[in-house]
$ cat protein14.csv   # CSV, C-alpha atoms and all ligand atoms
chain,number,residue,atom,x,y,z
A,1,MET,CA,177.4,120.0,72.3
A,2,SER,CA,175.3,118.7,75.1
A,3,ALA,CA,174.9,115.0,75.4
A,4,SER,CA,171.4,114.1,74.5
A,5,VAL,CA,169.8,111.2,76.3
A,6,ASN,CA,166.6,109.6,75.4
A,7,GLN,CA,164.7,110.5,78.5
A,8,THR,CA,162.0,108.0,78.0
A,9,ASP,CA,164.4,105.1,77.8
A,10,ALA,CA,167.0,105.9,80.4
A,11,GLY,CA,165.9,106.6,83.9
A,12,ALA,CA,162.2,106.1,83.4
A,13,ALA,CA,160.8,103.2,85.4
A,14,ALA,CA,158.7,100.6,83.6
A,15,PRO,CA,155.0,101.4,83.8
A,16,ALA,CA,153.6,100.0,87.1
A,17,LYS,CA,151.7,96.8,86.7
A,18,PRO,CA,148.1,96.9,88.0
A,19,PRO,CA,147.5,95.0,91.3
A,20,LEU,CA,145.8,91.6,91.2
A,21,GLU,CA,144.8,89.5,94.2
A,22,ILE,CA,144.6,85.8,93.5
A,23,LEU,CA,142.5,83.7,95.8
A,24,LEU,CA,143.6,80.1,95.5
A,25,CYS,CA,140.9,77.5,96.3
A,26,ALA,CA,141.9,74.7,98.7
A,27,PRO,CA,141.4,71.8,98.2
A,28,ARG,CA,142.1,71.8,94.5
A,29,GLY,CA,143.9,69.6,92.0
A,30,PHE,CA,144.9,65.9,92.3
A,31,CYS,CA,142.6,63.6,94.3
A,32,ALA,CA,143.7,60.3,95.8
A,33,GLY,CA,142.3,58.3,92.9
A,34,VAL,CA,144.2,60.3,90.3
A,35,VAL,CA,147.5,60.1,92.3
A,36,ARG,CA,147.0,56.3,92.4
A,37,ALA,CA,146.1,56.0,88.7
A,38,ILE,CA,149.2,57.9,87.6
A,39,ASP,CA,151.4,55.9,90.0
A,40,VAL,CA,150.0,52.7,88.5
A,41,VAL,CA,151.2,53.7,85.0
A,42,GLU,CA,154.6,54.8,86.3
A,43,ARG,CA,155.1,51.7,88.4
A,44,ALA,CA,154.0,49.5,85.5
A,45,LEU,CA,156.5,51.2,83.3
A,46,ALA,CA,159.2,50.6,85.8
A,47,LEU,CA,158.2,47.0,86.3
A,48,TYR,CA,157.5,45.8,82.8
A,49,GLY,CA,159.4,48.5,80.8
A,50,PRO,CA,157.8,50.4,77.9
A,51,PRO,CA,155.4,50.1,76.2
A,52,VAL,CA,152.6,49.7,78.7
A,53,TYR,CA,149.1,50.1,77.1
A,54,VAL,CA,146.4,52.2,78.8
A,55,ARG,CA,142.8,51.9,77.8
A,56,HIS,CA,141.4,55.4,77.6
A,57,GLU,CA,143.2,58.5,79.0
A,58,ILE,CA,144.3,57.3,82.5
A,59,VAL,CA,142.8,60.6,83.8
A,60,HIS,CA,141.2,63.3,81.8
A,61,ASN,CA,144.2,65.7,81.6
A,62,LYS,CA,146.1,66.4,78.4
A,63,TYR,CA,149.3,67.3,80.2
A,64,VAL,CA,149.3,64.1,82.3
A,65,VAL,CA,148.6,62.0,79.3
A,66,GLU,CA,151.3,63.7,77.2
A,67,SER,CA,153.9,63.3,80.0
A,68,LEU,CA,153.1,59.6,80.4
A,69,LYS,CA,153.3,59.1,76.6
A,70,ARG,CA,156.8,60.5,76.7
A,71,LYS,CA,157.7,57.8,79.3
A,72,GLY,CA,156.4,55.0,77.2
A,73,ALA,CA,152.7,54.7,77.9
A,74,VAL,CA,150.6,54.0,74.8
A,75,PHE,CA,147.0,55.2,75.1
A,76,VAL,CA,144.3,53.2,73.2
A,77,ALA,CA,140.6,53.6,72.9
A,78,GLU,CA,139.8,49.8,72.9
A,79,LEU,CA,141.5,46.5,73.7
A,80,ASP,CA,141.7,45.5,70.0
A,81,GLU,CA,144.5,48.1,69.6
A,82,VAL,CA,146.6,46.2,72.2
A,83,PRO,CA,148.9,43.6,70.5
A,84,ASP,CA,149.1,40.1,71.9
A,85,GLY,CA,152.1,39.6,74.1
A,86,LYS,CA,153.5,40.4,77.5
A,87,ALA,CA,153.0,44.2,77.7
A,88,PRO,CA,150.3,44.9,80.3
A,89,VAL,CA,147.1,46.9,79.6
A,90,ILE,CA,145.9,49.3,82.3
A,91,PHE,CA,142.3,50.3,82.8
A,92,SER,CA,141.8,54.0,83.5
A,93,ALA,CA,140.7,55.6,86.8
A,94,HIS,CA,137.1,56.0,85.4
A,95,GLY,CA,136.5,52.2,85.4
A,96,VAL,CA,135.4,49.7,82.8
A,97,ALA,CA,132.4,47.5,81.9
A,98,LYS,CA,132.7,43.9,83.0
A,99,THR,CA,133.2,42.7,79.4
A,100,VAL,CA,136.6,44.6,79.2
A,101,PRO,CA,138.6,42.6,81.7
A,102,GLN,CA,136.8,39.5,80.5
A,103,ASN,CA,137.9,40.1,76.9
A,104,ALA,CA,141.5,40.9,78.0
A,105,VAL,CA,141.7,37.7,80.1
A,106,ALA,CA,140.3,35.7,77.2
A,107,ARG,CA,143.2,37.0,75.0
A,108,GLY,CA,145.8,36.2,77.7
A,109,LEU,CA,146.7,39.9,78.3
A,110,THR,CA,148.1,41.1,81.6
A,111,THR,CA,145.7,43.6,83.0
A,112,ILE,CA,146.2,46.2,85.8
A,113,ASP,CA,143.1,48.0,87.1
A,114,ALA,CA,143.6,51.7,87.9
A,115,THR,CA,139.9,52.2,88.6
A,116,CYS,CA,139.5,54.6,91.5
A,117,PRO,CA,138.3,52.6,94.6
A,118,LEU,CA,135.4,55.1,95.0
A,119,VAL,CA,134.2,54.2,91.4
A,120,THR,CA,134.6,50.5,92.2
A,121,LYS,CA,132.5,51.1,95.3
A,122,VAL,CA,129.6,52.3,93.0
A,123,HIS,CA,130.1,49.3,90.8
A,124,ARG,CA,129.6,47.0,93.9
A,125,GLU,CA,126.6,49.0,95.0
A,126,ALA,CA,124.9,48.5,91.6
A,127,GLU,CA,125.7,44.8,91.7
A,128,ILE,CA,124.3,44.3,95.2
A,129,HIS,CA,121.0,46.1,94.2
A,130,HIS,CA,120.8,43.9,91.1
A,131,LYS,CA,121.4,40.7,93.2
A,132,ARG,CA,118.5,41.9,95.5
A,133,GLY,CA,116.2,42.1,92.5
A,134,ARG,CA,116.2,45.9,92.2
A,135,HIS,CA,116.2,47.8,88.9
A,136,VAL,CA,119.0,50.4,89.2
A,137,LEU,CA,118.7,54.1,88.1
A,138,LEU,CA,122.1,55.6,87.5
A,139,VAL,CA,122.3,59.4,87.8
A,140,GLY,CA,125.1,60.5,85.4
A,141,HIS,CA,126.2,61.9,82.1
A,142,SER,CA,125.6,59.9,78.9
A,143,GLY,CA,128.7,58.7,77.2
A,144,HIS,CA,131.1,59.5,80.0
A,145,PRO,CA,133.5,56.5,80.5
A,146,GLU,CA,132.6,56.2,84.2
A,147,VAL,CA,128.9,55.9,83.2
A,148,VAL,CA,129.7,53.4,80.5
A,149,GLY,CA,131.7,51.4,83.1
A,150,THR,CA,129.0,51.5,85.8
A,151,MET,CA,126.2,50.5,83.4
A,152,GLY,CA,128.4,47.7,82.1
A,153,GLN,CA,128.5,46.1,85.6
A,154,LEU,CA,124.9,44.8,85.1
A,155,PRO,CA,123.2,42.9,82.3
A,156,LYS,CA,121.5,45.1,79.6
A,157,GLY,CA,118.1,46.4,80.7
A,158,SER,CA,118.9,46.2,84.5
A,159,ILE,CA,120.1,49.8,84.7
A,160,THR,CA,118.7,53.0,83.4
A,161,LEU,CA,120.5,56.3,83.0
A,162,VAL,CA,119.0,59.4,84.5
A,163,GLU,CA,120.7,62.5,83.1
A,164,ASP,CA,118.5,65.3,84.4
A,165,ILE,CA,115.4,66.2,86.4
A,166,GLU,CA,113.2,66.7,83.3
A,167,GLN,CA,113.7,63.0,82.4
A,168,ILE,CA,112.2,61.8,85.6
A,169,GLU,CA,108.6,62.7,84.7
A,170,ALA,CA,108.6,60.4,81.7
A,171,LEU,CA,110.4,57.6,83.5
A,172,GLU,CA,108.3,54.4,83.7
A,173,PRO,CA,110.5,51.5,84.9
A,174,GLU,CA,109.0,48.0,84.9
A,175,THR,CA,108.7,48.1,88.7
A,176,ARG,CA,108.1,51.1,90.9
A,177,ASP,CA,108.4,49.2,94.1
A,178,ASN,CA,111.8,47.6,93.6
A,179,LEU,CA,114.1,50.4,92.6
A,180,ALA,CA,117.5,51.7,93.6
A,181,TRP,CA,119.6,54.7,92.6
A,182,VAL,CA,123.4,55.2,92.3
A,183,THR,CA,125.4,58.2,90.9
A,184,GLN,CA,128.5,59.1,88.9
A,185,THR,CA,131.2,60.3,91.3
A,186,THR,CA,131.9,63.6,89.7
A,187,LEU,CA,128.5,65.3,89.4
A,188,SER,CA,127.3,68.7,90.6
A,189,VAL,CA,126.4,68.2,94.2
A,190,ASP,CA,123.4,70.6,93.9
A,191,ASP,CA,122.0,69.2,90.7
A,192,THR,CA,122.3,65.6,92.0
A,193,HIS,CA,120.5,66.6,95.2
A,194,HIS,CA,117.5,67.9,93.2
A,195,ILE,CA,117.5,64.9,90.9
A,196,VAL,CA,117.5,62.5,93.9
A,197,GLU,CA,114.8,64.4,95.6
A,198,ALA,CA,112.6,64.2,92.5
A,199,LEU,CA,113.3,60.4,92.3
A,200,LYS,CA,112.3,59.9,95.9
A,201,HIS,CA,109.2,62.0,95.3
A,202,LYS,CA,108.1,59.9,92.3
A,203,PHE,CA,109.2,56.5,93.7
A,204,PRO,CA,108.9,56.7,97.5
A,205,LYS,CA,110.2,53.1,97.9
A,206,ILE,CA,113.4,53.7,96.0
A,207,VAL,CA,116.6,52.9,97.9
A,208,GLY,CA,120.1,54.4,97.6
A,209,PRO,CA,123.2,55.6,99.4
A,210,HIS,CA,122.8,57.8,102.5
A,211,LYS,CA,123.5,61.0,100.5
A,212,ASP,CA,124.9,60.2,97.0
A,213,ASP,CA,128.0,58.6,95.4
A,214,ILE,CA,129.7,61.9,94.6
A,215,CYS,CA,133.2,61.5,96.0
A,216,TYR,CA,134.9,63.5,98.7
A,217,ALA,CA,137.2,65.3,96.2
A,218,THR,CA,134.4,66.4,93.9
A,219,THR,CA,132.4,67.7,96.9
A,220,ASN,CA,135.3,69.5,98.5
A,221,ARG,CA,136.5,71.2,95.3
A,222,GLN,CA,132.9,72.4,94.6
A,223,GLU,CA,132.5,73.7,98.2
A,224,ALA,CA,135.8,75.7,97.9
A,225,VAL,CA,134.7,77.3,94.6
A,226,LYS,CA,131.3,78.2,96.2
A,227,GLN,CA,133.2,80.2,98.9
A,228,VAL,CA,135.6,81.9,96.6
A,229,ALA,CA,133.5,82.6,93.5
A,230,PRO,CA,131.3,85.3,95.1
A,231,LEU,CA,134.5,87.2,96.2
A,232,VAL,CA,136.2,87.5,92.8
A,233,ASP,CA,135.8,89.2,89.4
A,234,ALA,CA,136.8,86.1,87.5
A,235,LEU,CA,137.5,82.4,88.3
A,236,ILE,CA,139.8,80.1,86.4
A,237,VAL,CA,139.5,76.3,86.7
A,238,VAL,CA,142.7,74.5,85.5
A,239,GLY,CA,141.6,71.3,83.8
A,240,SER,CA,140.9,69.6,80.4
A,241,SER,CA,137.6,70.1,78.6
A,242,ASN,CA,136.6,66.4,78.9
A,243,SER,CA,137.1,66.3,82.6
A,244,SER,CA,133.6,66.1,84.2
A,245,ASN,CA,134.6,67.2,87.7
A,246,SER,CA,136.5,70.2,86.2
A,247,GLN,CA,133.5,71.3,84.1
A,248,ARG,CA,131.4,71.1,87.2
A,249,LEU,CA,133.7,73.5,89.1
A,250,ARG,CA,133.4,76.1,86.3
A,251,GLU,CA,129.6,75.7,86.4
A,252,VAL,CA,129.5,76.1,90.2
A,253,ALA,CA,131.4,79.4,89.9
A,254,GLU,CA,129.1,80.6,87.1
A,255,ARG,CA,126.0,79.7,89.1
A,256,VAL,CA,127.0,81.7,92.2
A,257,GLY,CA,127.2,84.7,89.9
A,258,CYS,CA,130.9,85.0,89.1
A,259,PRO,CA,130.9,87.1,85.9
A,260,ILE,CA,133.9,85.6,84.1
A,261,THR,CA,134.6,81.8,84.4
A,262,ARG,CA,137.0,79.8,82.3
A,263,LEU,CA,138.2,76.1,82.2
A,264,VAL,CA,141.7,76.1,80.7
A,265,ASN,CA,144.3,73.5,80.1
A,266,ARG,CA,147.3,75.7,80.4
A,267,ALA,CA,148.4,79.4,80.6
A,268,GLU,CA,148.8,79.5,76.8
A,269,ASP,CA,145.0,79.0,76.6
A,270,LEU,CA,144.1,82.2,78.5
A,271,ASP,CA,142.2,84.8,76.6
A,272,TRP,CA,143.8,87.9,78.2
A,273,GLU,CA,141.1,90.2,76.8
A,274,ALA,CA,138.6,88.7,79.3
A,275,PHE,CA,140.9,89.4,82.2
A,276,SER,CA,141.8,93.0,81.3
A,277,ASN,CA,139.8,94.7,84.0
A,278,ILE,CA,139.9,92.4,87.0
A,279,ARG,CA,141.3,93.1,90.5
A,280,ARG,CA,140.6,89.7,92.1
A,281,LEU,CA,140.9,86.3,90.5
A,282,GLY,CA,139.8,83.0,91.9
A,283,LEU,CA,141.9,80.0,90.9
A,284,THR,CA,141.3,76.2,91.3
A,285,ALA,CA,142.1,73.0,89.5
A,286,GLY,CA,140.1,69.9,88.7
A,287,ALA,CA,140.9,66.5,90.4
A,288,SER,CA,143.0,65.5,87.3
A,289,ALA,CA,145.0,68.8,86.9
A,290,PRO,CA,148.6,68.9,88.2
A,291,GLU,CA,149.7,71.7,90.5
A,292,VAL,CA,152.5,72.7,88.2
A,293,LEU,CA,149.8,74.1,85.8
A,294,VAL,CA,148.3,76.2,88.6
A,295,GLU,CA,151.7,77.6,89.2
A,296,GLU,CA,152.1,78.3,85.4
A,297,ILE,CA,148.9,80.3,85.4
A,298,ILE,CA,150.0,82.4,88.4
A,299,ASP,CA,153.4,83.0,86.7
A,300,ALA,CA,151.6,84.1,83.6
A,301,PHE,CA,149.4,86.6,85.5
A,302,ALA,CA,152.5,87.8,87.3
A,303,THR,CA,154.0,89.0,84.0
A,304,ARG,CA,151.1,91.4,83.6
A,305,TYR,CA,150.0,92.2,87.2
A,306,GLU,CA,151.5,92.9,90.5
A,307,VAL,CA,150.2,89.6,92.0
A,308,THR,CA,149.5,88.7,95.6
A,309,VAL,CA,148.3,85.2,96.4
A,310,ASP,CA,146.1,84.1,99.2
A,311,THR,CA,144.6,80.7,99.9
A,312,VAL,CA,141.0,80.1,100.9
A,313,SER,CA,140.8,76.7,102.5
A,314,THR,CA,137.4,75.1,103.2
A,315,THR,CA,138.7,71.8,104.4
A,316,THR,CA,141.8,69.6,104.4
A,317,GLU,CA,142.2,66.2,102.8
A,318,ASP,CA,144.4,63.2,103.7
A,319,MET,CA,142.9,60.4,101.6
A,320,VAL,CA,145.4,57.9,100.2
A,321,PHE,CA,144.6,54.8,98.2
A,322,PRO,CA,147.0,51.9,98.1
A,323,LEU,CA,148.2,50.6,94.7
A,324,PRO,CA,146.8,47.5,93.2
A,325,ARG,CA,148.3,44.5,95.0
A,326,GLU,CA,150.5,43.4,92.0
A,327,LEU,CA,152.3,46.8,91.9
A,328,ARG,CA,153.0,47.2,95.6
A,329,SER,CA,156.7,47.2,96.3
A,330,GLU,CA,156.7,43.9,98.2
A,331,ALA,CA,154.9,42.2,95.3
A,332,ALA,CA,157.2,43.9,92.7
A,333,GLU,CA,160.4,42.7,94.4
B,401,LIG,O1,135.8,63.3,83.8
B,401,LIG,P1,136.1,63.0,85.2
B,401,LIG,O2,136.0,64.1,86.2
B,401,LIG,O3,135.3,61.8,85.7
B,401,LIG,O4,137.6,62.4,85.3
B,401,LIG,P2,139.0,63.1,85.5
B,401,LIG,O5,140.0,62.2,85.0
B,401,LIG,O6,139.0,64.5,85.1
B,401,LIG,O7,139.2,63.2,87.1
B,401,LIG,C1,139.3,62.0,87.9
B,401,LIG,C2,138.0,61.4,88.1
B,401,LIG,C3,137.7,60.1,87.9
B,401,LIG,C4,138.7,59.1,87.5
B,401,LIG,C5,136.3,59.7,88.0
B,401,LIG,F1,136.1,59.2,89.2
B,402,LIG,FE1,138.2,58.9,92.8
B,402,LIG,FE2,136.8,61.1,93.2
B,402,LIG,FE3,139.2,61.2,92.2
B,402,LIG,FE4,137.3,60.3,90.7
B,402,LIG,S1,137.5,62.3,91.5
B,402,LIG,S2,139.3,59.5,90.9
B,402,LIG,S3,136.1,59.2,92.3
B,402,LIG,S4,138.7,60.4,94.3
$ encode --input "protein14.csv" --output "structure tokens" --more "lines below"
Ligand code: 10D
Ligand code: SF4
Amino acid sequence: MSASVNQTDAGAAAPAKPPLEILLCAPRGFCAGVVRAIDVVERALALYGPPVYVRHEIVHNKYVVESLKRKGAVFVAELDEVPDGKAPVIFSAHGVAKTVPQNAVARGLTTIDATCPLVTKVHREAEIHHKRGRHVLLVGHSGHPEVVGTMGQLPKGSITLVEDIEQIEALEPETRDNLAWVTQTTLSVDDTHHIVEALKHKFPKIVGPHKDDICYATTNRQEAVKQVAPLVDALIVVGSSNSSNSQRLREVAERVGCPITRLVNRAEDLDWEAFSNIRRLGLTAGASAPEVLVEEIIDAFATRYEVTVDTVSTTTEDMVFPLPRELRSEAAE
């Protein structure tokens, strides 16, 4: 009797995986403000011991927030959820209205401010305009915590939110001659340019920053996506859905004509159907998304494709922000 072997199982090579070229955008992922904000929570945990309270997600990333929760951070929406006592409360990277630290101090709470210095810079700009008697127009997205924080630097009625170009036509501030504009830091560079041009056209005497208040990280990540998106069949942005800068990256890719664009938290959120016929994939990450999640996405594609990875770099970054004084090692010792 001849030995029978199942020819399909033994000897046959696994079906070849289709090739996939991944173009990694650089810069991508963590910015200096996010690194600093996460460090603030970790150092506060080391210094005070858990729990430390954090008002609002320290940065808009689910993975980051969950990891810090496991280390003892307690995230709250408002100060009234923080119990009286010695545990500190940290303000998120997006910044807070003036009333927030005032209320915390009135309650005797220990506060640590993780607001990104580039957001604080916008707060100070708004304040200076107000002191010089100017009404301020803030270009930004309604309800975003950074917008709430910036508006909350000035007394009610001294600052008006401008969300889009359509709104400008109907805009009738009390004064036309004494106006200033500032912006949220994580907007679309192109949309903001058009909005600011329209403001200058309608109010020729309006004053503002040299270009805008969009930060270096937002600008650089959008520029890298602009370079990569026209070259690929699909582009994935790693980031959470409430992250403004991450949403803008997906939008930029879509606007330059990339046929498939997705904002995903993690590999488990990929809808594989959408990526079934692609040969080239663009990959980037929002300013609050950790690199480990980019690697996770690459690994997930590597189980289905023969993956090669190339980086397209449009600029390099070396920005570092020092920790708040009270957490620097010399102060902590
Ligand atoms: O939503 P977002 O882009 O403003 O914030 P995210 O936490 O995703 O990224 C960091 C940006 C900050 C803190 C705003 F400047
Ligand atoms: Fe700061 Fe820009 Fe990062 Fe926001 S995105 S935390 S403004 S560096």
$ closest_residue --input "protein14.csv" --among "A:Val256, A:Ala16, A:Ala217, A:Val82" --to "ligand LIG 401 (chain B)" --atoms "only C-alpha atoms and all ligand atoms"
A:Ala217
$ atom_distance --input "protein14.csv" --atom1 "atom CA of Glu42 of chain A" --atom2 "atom CA of Pro322 of chain A"
14.3 Å
$ atom_distance --input "protein14.csv" --atom1 "atom CA of Leu109 of chain A" --atom2 "atom CA of Pro83 of chain A"
8.9 Å
$ closest_residue --input "protein14.csv" --among "A:Ala285, A:Ala180, A:Ala13, A:Val74" --to "Ile58 of chain A" --atoms "all atoms listed in the file"
A:Val74
$ residues_around --input "protein14.csv" --residues "Cys215 of chain A" --least-positions-apart "3" --cutoff "12 Å" --atoms "all atoms listed in the file" --output "PyMOL selection string"
chain A and resi 31-33+116-122+183-189+211-212+218-222+245+287+319
$ atom_distance --input "protein14.csv" --atom1 "atom CA of Gln153 of chain A" --atom2 "atom CA of Asp191 of chain A"
24.5 Å
$ residues_around --input "protein14.csv" --residues "Thr311 of chain A" --least-positions-apart "6" --cutoff "9 Å" --atoms "all atoms listed in the file" --output "ChimeraX atom specification"
/A:22-26
$ residues_around --input "protein14.csv" --residues "Glu296 of chain A" --least-positions-apart "3" --cutoff "12 Å" --atoms "only C-alpha atoms" --output "short mmCIF file (atom, residue, chain, number, x, y, z; two decimals) with C-alpha atoms, in the frame of the given file"
data_model
loop_
_atom_site.label_atom_id
_atom_site.label_comp_id
_atom_site.auth_asym_id
_atom_site.auth_seq_id
_atom_site.Cartn_x
_atom_site.Cartn_y
_atom_site.Cartn_z
CA VAL A 238 142.70 74.50 85.50
CA VAL A 264 141.70 76.10 80.70
CA ASN A 265 144.30 73.50 80.10
CA ARG A 266 147.30 75.70 80.40
CA ALA A 267 148.40 79.40 80.60
CA GLU A 268 148.80 79.50 76.80
CA ASP A 269 145.00 79.00 76.60
CA LEU A 270 144.10 82.20 78.50
CA LEU A 283 141.90 80.00 90.90
CA ALA A 289 145.00 68.80 86.90
CA PRO A 290 148.60 68.90 88.20
CA GLU A 291 149.70 71.70 90.50
CA VAL A 292 152.50 72.70 88.20
CA LEU A 293 149.80 74.10 85.80
CA ASP A 299 153.40 83.00 86.70
CA ALA A 300 151.60 84.10 83.60
CA PHE A 301 149.40 86.60 85.50
CA ALA A 302 152.50 87.80 87.30
CA THR A 303 154.00 89.00 84.00
#
$ residues_near_point --input "protein14.csv" --point "(140.1, 96.9, 83.1)" --cutoff "12 Å" --atoms "all atoms listed in the file" --output "PyMOL selection string"
chain A and resi 18-20+233+272-280+305
$ closest_residue --input "protein14.csv" --among "A:Glu166, A:Asp80, A:Glu66, A:Glu146" --to "ligand LIG 402 (chain B)" --atoms "all atoms listed in the file"
A:Glu146
$ residues_around --input "protein14.csv" --residues "Val96 of chain A" --least-positions-apart "2" --cutoff "8 Å" --atoms "only C-alpha atoms" --output "mmCIF file with C-alpha atoms, in the coordinates of the input"
data_model
loop_
_atom_site.group_PDB
_atom_site.id
_atom_site.type_symbol
_atom_site.label_atom_id
_atom_site.label_comp_id
_atom_site.auth_asym_id
_atom_site.auth_seq_id
_atom_site.Cartn_x
_atom_site.Cartn_y
_atom_site.Cartn_z
ATOM 1 C CA PHE A 91 142.300 50.300 82.800
ATOM 2 C CA SER A 92 141.800 54.000 83.500
ATOM 3 C CA HIS A 94 137.100 56.000 85.400
ATOM 4 C CA LYS A 98 132.700 43.900 83.000
ATOM 5 C CA VAL A 100 136.600 44.600 79.200
ATOM 6 C CA PRO A 101 138.600 42.600 81.700
ATOM 7 C CA THR A 115 139.900 52.200 88.600
ATOM 8 C CA PRO A 145 133.500 56.500 80.500
ATOM 9 C CA GLU A 146 132.600 56.200 84.200
ATOM 10 C CA VAL A 148 129.700 53.400 80.500
ATOM 11 C CA GLY A 149 131.700 51.400 83.100
ATOM 12 C CA THR A 150 129.000 51.500 85.800
ATOM 13 C CA GLY A 152 128.400 47.700 82.100
#
$ residues_around --input "protein14.csv" --residues "Ala234 of chain A" --least-positions-apart "3" --cutoff "7 Å" --atoms "all atoms listed in the file" --output "number ranges by chain"
A: 258-261, 280-282
$ residues_near_point --input "protein14.csv" --point "(154.0, 44.1, 92.5)" --cutoff "12 Å" --atoms "only C-alpha atoms" --output "list in words"
Val40, Arg43, Ala44, Leu45, Ala46, Leu47, Tyr48, Ile112, Pro322, Leu323, Pro324, Arg325, Glu326, Leu327, Arg328, Ser329, Glu330, Ala331, Ala332 and Glu333 of chain A
$ closest_residue --input "protein14.csv" --among "A:Ile128, A:Val320, A:Leu79, A:Leu235" --to "Ala104 of chain A" --atoms "all atoms listed in the file"
A:Leu79
$ decode --input "protein14.csv" --residues "segment 88-101 of chain A" --atoms "N, CA, C and O atoms" --output "mmCIF file, in the first residue's frame"
data_model
loop_
_atom_site.group_PDB
_atom_site.id
_atom_site.type_symbol
_atom_site.label_atom_id
_atom_site.label_comp_id
_atom_site.auth_asym_id
_atom_site.auth_seq_id
_atom_site.Cartn_x
_atom_site.Cartn_y
_atom_site.Cartn_z
ATOM 1 N N PRO A 88 -2.974 66.202 44.355
ATOM 2 C CA PRO A 88 -2.972 67.339 43.428
ATOM 3 C C PRO A 88 -3.960 67.145 42.278
ATOM 4 O O PRO A 88 -4.360 66.020 41.976
ATOM 5 N N VAL A 89 -4.340 68.268 41.664
ATOM 6 C CA VAL A 89 -5.146 68.193 40.455
ATOM 7 C C VAL A 89 -4.354 68.844 39.315
ATOM 8 O O VAL A 89 -3.787 69.928 39.471
ATOM 9 N N ILE A 90 -4.302 68.108 38.198
ATOM 10 C CA ILE A 90 -3.514 68.553 37.040
ATOM 11 C C ILE A 90 -4.469 69.062 35.971
ATOM 12 O O ILE A 90 -5.502 68.430 35.694
ATOM 13 N N PHE A 91 -4.136 70.202 35.368
ATOM 14 C CA PHE A 91 -4.930 70.723 34.256
ATOM 15 C C PHE A 91 -4.336 70.203 32.940
ATOM 16 O O PHE A 91 -3.123 70.222 32.756
ATOM 17 N N SER A 92 -5.216 69.781 32.033
ATOM 18 C CA SER A 92 -4.751 69.083 30.820
ATOM 19 C C SER A 92 -3.975 70.012 29.883
ATOM 20 O O SER A 92 -3.997 71.234 30.034
ATOM 21 N N ALA A 93 -3.330 69.406 28.879
ATOM 22 C CA ALA A 93 -2.482 70.139 27.924
ATOM 23 C C ALA A 93 -3.258 71.181 27.133
ATOM 24 O O ALA A 93 -2.666 72.104 26.577
ATOM 25 N N HIS A 94 -4.602 71.026 27.096
ATOM 26 C CA HIS A 94 -5.411 71.932 26.261
ATOM 27 C C HIS A 94 -5.659 73.286 26.916
ATOM 28 O O HIS A 94 -6.149 74.193 26.264
ATOM 29 N N GLY A 95 -5.347 73.392 28.216
ATOM 30 C CA GLY A 95 -5.521 74.665 28.924
ATOM 31 C C GLY A 95 -6.898 74.795 29.544
ATOM 32 O O GLY A 95 -7.826 74.068 29.200
ATOM 33 N N VAL A 96 -7.008 75.740 30.474
ATOM 34 C CA VAL A 96 -8.278 75.940 31.199
ATOM 35 C C VAL A 96 -8.619 77.420 31.281
ATOM 36 O O VAL A 96 -7.731 78.282 31.205
ATOM 37 N N ALA A 97 -9.913 77.694 31.482
ATOM 38 C CA ALA A 97 -10.366 79.065 31.717
ATOM 39 C C ALA A 97 -9.796 79.549 33.055
ATOM 40 O O ALA A 97 -9.475 78.732 33.932
ATOM 41 N N LYS A 98 -9.699 80.861 33.197
ATOM 42 C CA LYS A 98 -9.106 81.438 34.425
ATOM 43 C C LYS A 98 -9.839 81.011 35.690
ATOM 44 O O LYS A 98 -9.235 80.887 36.753
ATOM 45 N N THR A 99 -11.142 80.789 35.580
ATOM 46 C CA THR A 99 -11.929 80.446 36.772
ATOM 47 C C THR A 99 -11.514 79.088 37.358
ATOM 48 O O THR A 99 -11.724 78.854 38.553
ATOM 49 N N VAL A 100 -10.943 78.214 36.534
ATOM 50 C CA VAL A 100 -10.631 76.857 37.023
ATOM 51 C C VAL A 100 -9.536 76.884 38.092
ATOM 52 O O VAL A 100 -9.765 76.414 39.222
ATOM 53 N N PRO A 101 -8.337 77.441 37.801
ATOM 54 C CA PRO A 101 -7.340 77.521 38.886
ATOM 55 C C PRO A 101 -7.816 78.390 40.046
ATOM 56 O O PRO A 101 -7.503 78.089 41.204
#
